[in-house]
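Heads up, the thing below is written out as structure tokens.
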Number of protein chains: 2
Amino acid sequence: MSAGNIAVPTMLNTPLPDPVPSADYDACPVTELFRRLGDKWTLLVLVLLDQQTYRFNELHRRIEGISQRMLTRTLRTLEHDGLVERTVFPTVPPSVEYALTARGRSLLKPLSEVADWVVQQSEMTAPPGT
Amino acid sequence: MSAGNIAVPTMLNTPLPDPVPSADYDACPVTELFRRLGDKWTLLVLVLLDQQTYRFNELHRRIEGISQRMLTRTLRTLEHDGLVERTVFPTVPPSVEYALTARGRSLLKPLSEVADWVVQQSEMTAPPGT
DNA sequence: CTGTATCCGATGTGATACTG
DNA sequence: CAGTATCACATCGGATACAG
């Protein structure tokens, strides 16, 4: 939760500085990851790329409502974070393939546990038979 | 990933509609949760409340840089989602206590696995001895 | 095909002042 | 003490046009 990961290994029950300095909080890599995952398209792009590699326009058509601008931005950020690999084939016209890296695939495991938690909660709210 | 959770139980390797309808994506509860967690203060408030209950101004002082407005909004949203319980003591002046619900505590388990993933990645980047 | 540049509206967040 | 109301500003994301 702080820049130096003081509180991260066991995010629970580890003492945090009082007050939590805003600079540290902003710089915390865990916070940053959640900010990325919380933007409009990142999560969906990650899930799609986990199922298969895509070319740019394939992905564009695959996701209804995403703009070229945001697809580019989302993919570039994921590439910058080492979660997605971008491969350019210098054909005419050019073609570019996007694939999840090993790191990207490994991230989906903890993420799917969060997703499972959501499902469990909605099942508690709406019991079987509804 | 869709409103009906079609793809959620095993977020990985479950086919998604092609194209993914933007209405379904917007309505997906998993997507929504990540959007909440990705906002500026939610994650920190969850972690702090997991360690102890807080009164409003205690929390306000505890988090450097948060505004009254955003602390109120964040807590109200968490309460609305059933993650935080708000208890008013009708003293003069009034005092209000915030505590994590059982659901809130249960969420922190999958979240801390995501946090652990971040730590593991940074350890791979910067091996021991640095 | 795979982008980039520009503009604009929507939304998120902070500052300040005020209230029961 | 625990908020609410209002305004101001920054950032996010979509639309459109253009380019290699």
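To be explicit about the labels: the chains of the structure tokens are called A, B, and onward in the order shown, and within each one the residues are counted from 1, while ligands get numbers from 1 in the order they are shown.
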
query: What residues in chain C have any atom no more than 10 Å from chain A when counting only C-alpha atoms (C1' of nucleotides), and can you write them as a ChimeraX atom specification?
result: /C:1-4

Save the residues we just selected, N, CA and C atoms (P, O5', C5', C4', C3', O3' and C1' of nucleotides), as an mmCIF file, in the first residue's frame?
data_model
loop_
_atom_site.group_PDB
_atom_site.id
_atom_site.type_symbol
_atom_site.label_atom_id
_atom_site.label_comp_id
_atom_site.auth_asym_id
_atom_site.auth_seq_id
_atom_site.Cartn_x
_atom_site.Cartn_y
_atom_site.Cartn_z
ATOM 1 P P DC C 1 -8.865 -4.030 -42.668
ATOM 2 O "O5'" DC C 1 -7.322 -3.823 -43.137
ATOM 3 C "C5'" DC C 1 -6.478 -4.926 -43.038
ATOM 4 C "C4'" DC C 1 -5.248 -4.576 -42.205
ATOM 5 C "C3'" DC C 1 -5.562 -4.341 -40.722
ATOM 6 O "O3'" DC C 1 -4.521 -4.899 -39.929
ATOM 7 C "C1'" DC C 1 -4.614 -2.381 -41.651
ATOM 8 P P DT C 2 -4.585 -4.913 -38.276
ATOM 9 O "O5'" DT C 2 -3.828 -3.557 -37.890
ATOM 10 C "C5'" DT C 2 -2.441 -3.451 -38.165
ATOM 11 C "C4'" DT C 2 -1.931 -2.085 -37.777
ATOM 12 C "C3'" DT C 2 -2.263 -1.674 -36.335
ATOM 13 O "O3'" DT C 2 -1.134 -1.054 -35.745
ATOM 14 C "C1'" DT C 2 -2.939 -0.005 -37.804
ATOM 15 P P DG C 3 -1.084 -0.900 -34.094
ATOM 16 O "O5'" DG C 3 -2.271 0.120 -33.700
ATOM 17 C "C5'" DG C 3 -1.941 1.355 -33.212
ATOM 18 C "C4'" DG C 3 -1.611 2.336 -34.340
ATOM 19 C "C3'" DG C 3 -1.611 3.779 -33.902
ATOM 20 O "O3'" DG C 3 -0.361 4.119 -33.367
ATOM 21 C "C1'" DG C 3 -2.590 3.491 -36.071
ATOM 22 P P DT C 4 -0.295 5.212 -32.227
ATOM 23 O "O5'" DT C 4 -0.486 6.621 -32.974
ATOM 24 C "C5'" DT C 4 0.416 7.011 -34.001
ATOM 25 C "C4'" DT C 4 0.032 8.403 -34.499
ATOM 26 C "C3'" DT C 4 -0.120 9.432 -33.384
ATOM 27 O "O3'" DT C 4 0.450 10.654 -33.844
ATOM 28 C "C1'" DT C 4 -2.137 9.273 -34.598
#

Selection: 8 Å around Phe34 of chain B, only C-alpha atoms (C1' of nucleotides), excl. self and same-chain fewer than 5 positions, as an mmCIF file with C-alpha atoms, in the first residue's frame:
data_model
loop_
_atom_site.group_PDB
_atom_site.id
_atom_site.type_symbol
_atom_site.label_atom_id
_atom_site.label_comp_id
_atom_site.auth_asym_id
_atom_site.auth_seq_id
_atom_site.Cartn_x
_atom_site.Cartn_y
_atom_site.Cartn_z
ATOM 1 C CA PHE A 34 -6.267 -1.792 -9.506
ATOM 2 C CA LEU A 37 -7.987 -2.885 -14.038
ATOM 3 C CA GLY A 38 -10.675 -0.402 -13.123
#

Test item: chain A residues at most 9 Å from chain D, counting only C-alpha atoms (C1' of nucleotides), as an NGL selection string: :A and (39-40 or 66-67 or 69-70)

Would you mind listing, for every residue of chain A within 6 Å of chain B, the two atoms forming the shortest contact and the distance between them in Å to one decimal, using only C-alpha atoms, sorted by chain and ascending residue number, as a tab-separated table?
residue	atom	partner	partner_atom	distance
A:Pro9	CA	B:Asp116	CA	5.7
A:Met11	CA	B:Ser112	CA	5.8
A:Asn13	CA	B:Gln51	CA	5.8
A:Asp18	CA	B:Arg62	CA	5.7
A:Pro19	CA	B:Arg62	CA	4.4
A:Val20	CA	B:Ile63	CA	5.2
A:Pro21	CA	B:Glu64	CA	5.5
A:Ser22	CA	B:Glu64	CA	5.4
A:Val30	CA	B:Ala115	CA	5.7
A:Phe34	CA	B:Gly38	CA	4.8
A:Arg35	CA	B:Gly38	CA	4.0
A:Gly38	CA	B:Arg35	CA	4.0
A:Gln51	CA	B:Asn13	CA	5.8
A:Arg62	CA	B:Pro19	CA	4.4
A:Ile63	CA	B:Val20	CA	5.2
A:Glu64	CA	B:Ser22	CA	5.4
A:Gly65	CA	B:Ser22	CA	5.9
A:Pro110	CA	B:Val114	CA	5.3
A:Ser112	CA	B:Met11	CA	5.8
A:Glu113	CA	B:Pro110	CA	5.8
A:Val114	CA	B:Pro110	CA	5.3
A:Ala115	CA	B:Val30	CA	5.7
A:Asp116	CA	B:Pro9	CA	5.6

Restricting the output to N, CA and C atoms, write the selected residues as a PDB file, in the first residue's frame.
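Done, and the output landed in out-v1.pdb:
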ATOM      1  N   PRO A   9       2.787  -7.568   1.272  1.00  0.00           N
ATOM      2  CA  PRO A   9       2.855  -9.039   1.293  1.00  0.00           C
ATOM      3  C   PRO A   9       1.666  -9.659   2.014  1.00  0.00           C
ATOM      4  N   MET A  11      -1.404  -7.919   2.865  1.00  0.00           N
ATOM      5  CA  MET A  11      -2.114  -6.643   2.813  1.00  0.00           C
ATOM      6  C   MET A  11      -2.985  -6.490   4.052  1.00  0.00           C
ATOM      7  N   ASN A  13      -3.874  -7.063   8.036  1.00  0.00           N
ATOM      8  CA  ASN A  13      -3.229  -7.013   9.362  1.00  0.00           C
ATOM      9  C   ASN A  13      -1.748  -6.637   9.397  1.00  0.00           C
ATOM     10  N   ASP A  18       0.555   6.126  10.085  1.00  0.00           N
ATOM     11  CA  ASP A  18      -0.592   6.943  10.460  1.00  0.00           C
ATOM     12  C   ASP A  18      -0.163   8.394  10.558  1.00  0.00           C
ATOM     13  N   PRO A  19      -0.608   9.256   9.647  1.00  0.00           N
ATOM     14  CA  PRO A  19      -1.509   8.931   8.551  1.00  0.00           C
ATOM     15  C   PRO A  19      -0.801   8.247   7.389  1.00  0.00           C
ATOM     16  N   VAL A  20      -1.556   7.604   6.530  1.00  0.00           N
ATOM     17  CA  VAL A  20      -1.008   7.037   5.300  1.00  0.00           C
ATOM     18  C   VAL A  20      -0.649   8.199   4.376  1.00  0.00           C
ATOM     19  N   PRO A  21       0.634   8.358   4.060  1.00  0.00           N
ATOM     20  CA  PRO A  21       1.047   9.495   3.224  1.00  0.00           C
ATOM     21  C   PRO A  21       0.479   9.359   1.810  1.00  0.00           C
ATOM     22  N   SER A  22      -0.053  10.443   1.305  1.00  0.00           N
ATOM     23  CA  SER A  22      -0.705  10.364  -0.005  1.00  0.00           C
ATOM     24  C   SER A  22       0.292  10.051  -1.111  1.00  0.00           C
ATOM     25  N   VAL A  30       0.300  -1.842  -6.025  1.00  0.00           N
ATOM     26  CA  VAL A  30      -0.982  -2.539  -5.935  1.00  0.00           C
ATOM     27  C   VAL A  30      -2.119  -1.587  -6.292  1.00  0.00           C
ATOM     28  N   PHE A  34      -4.811  -1.859  -9.598  1.00  0.00           N
ATOM     29  CA  PHE A  34      -6.267  -1.792  -9.506  1.00  0.00           C
ATOM     30  C   PHE A  34      -6.823  -0.618 -10.298  1.00  0.00           C
ATOM     31  N   ARG A  35      -6.086   0.458 -10.346  1.00  0.00           N
ATOM     32  CA  ARG A  35      -6.539   1.589 -11.155  1.00  0.00           C
ATOM     33  C   ARG A  35      -6.593   1.185 -12.621  1.00  0.00           C
ATOM     34  N   GLY A  38      -9.406  -1.074 -13.287  1.00  0.00           N
ATOM     35  CA  GLY A  38     -10.675  -0.402 -13.123  1.00  0.00           C
ATOM     36  C   GLY A  38     -11.019   0.513 -14.283  1.00  0.00           C
ATOM     37  N   GLN A  51      -7.770 -15.998 -24.200  1.00  0.00           N
ATOM     38  CA  GLN A  51      -8.397 -17.109 -24.927  1.00  0.00           C
ATOM     39  C   GLN A  51      -7.736 -17.345 -26.279  1.00  0.00           C
ATOM     40  N   ARG A  62     -14.311  -7.278 -32.148  1.00  0.00           N
ATOM     41  CA  ARG A  62     -14.752  -8.189 -31.096  1.00  0.00           C
ATOM     42  C   ARG A  62     -15.416  -7.453 -29.934  1.00  0.00           C
ATOM     43  N   ILE A  63     -15.020  -6.214 -29.711  1.00  0.00           N
ATOM     44  CA  ILE A  63     -15.501  -5.443 -28.562  1.00  0.00           C
ATOM     45  C   ILE A  63     -16.391  -4.317 -29.037  1.00  0.00           C
ATOM     46  N   GLU A  64     -17.668  -4.496 -28.833  1.00  0.00           N
ATOM     47  CA  GLU A  64     -18.621  -3.487 -29.285  1.00  0.00           C
ATOM     48  C   GLU A  64     -18.461  -2.215 -28.466  1.00  0.00           C
ATOM     49  N   GLY A  65     -18.318  -1.090 -29.152  1.00  0.00           N
ATOM     50  CA  GLY A  65     -18.319   0.186 -28.467  1.00  0.00           C
ATOM     51  C   GLY A  65     -16.944   0.737 -28.152  1.00  0.00           C
ATOM     52  N   PRO A 110      -5.228 -14.924 -10.053  1.00  0.00           N
ATOM     53  CA  PRO A 110      -5.826 -14.191  -8.925  1.00  0.00           C
ATOM     54  C   PRO A 110      -7.044 -13.367  -9.326  1.00  0.00           C
ATOM     55  N   SER A 112      -9.307 -14.143 -11.497  1.00  0.00           N
ATOM     56  CA  SER A 112     -10.507 -14.978 -11.605  1.00  0.00           C
ATOM     57  C   SER A 112     -11.022 -15.374 -10.233  1.00  0.00           C
ATOM     58  N   GLU A 113     -10.167 -15.324  -9.223  1.00  0.00           N
ATOM     59  CA  GLU A 113     -10.659 -15.596  -7.866  1.00  0.00           C
ATOM     60  C   GLU A 113     -11.512 -14.438  -7.356  1.00  0.00           C
ATOM     61  N   VAL A 114     -11.144 -13.244  -7.757  1.00  0.00           N
ATOM     62  CA  VAL A 114     -12.006 -12.109  -7.431  1.00  0.00           C
ATOM     63  C   VAL A 114     -13.349 -12.269  -8.147  1.00  0.00           C
ATOM     64  N   ALA A 115     -13.282 -12.670  -9.412  1.00  0.00           N
ATOM     65  CA  ALA A 115     -14.524 -12.886 -10.167  1.00  0.00           C
ATOM     66  C   ALA A 115     -15.367 -13.974  -9.510  1.00  0.00           C
ATOM     67  N   ASP A 116     -14.722 -15.034  -9.070  1.00  0.00           N
ATOM     68  CA  ASP A 116     -15.456 -16.105  -8.384  1.00  0.00           C
ATOM     69  C   ASP A 116     -16.145 -15.572  -7.130  1.00  0.00           C
TER      70      ASP A 116
END

field: Shell of 12 Å around Arg86 of chain B, only C-alpha atoms (C1' of nucleotides), local chain residues under 3 positions omitted, as JSON, numbers by chain
entry: {"B": [49, 53, 54, 55, 56, 72, 75, 76, 77, 78, 79, 80, 82, 83, 89, 95, 96, 97, 98, 99, 100, 101]}

Helix (DSSP H, G or I) positions in chain A, given as a ChimeraX atom specification: /A:22-27,29-37,42-51,56-62,68-80,102-125

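Note that atom CA of Glu85 of chain A and atom CA of Glu123 of chain B are 20.9 Å apart.
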
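For the atom pair formed by atom CA of Ala27 of chain A and atom CA of Met124 of chain B, the distance is 18.9 Å, given to one decimal.
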
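When DSSP reads the backbone of this structure, the residues of chain B it assigns to strand (DSSP E) are Tyr54, Arg55, Val84, Glu85, Arg86, Thr87, Val88, Phe89, Ser95, Val96, Glu97, Tyr98, Ala99 and Leu100 of chain B.
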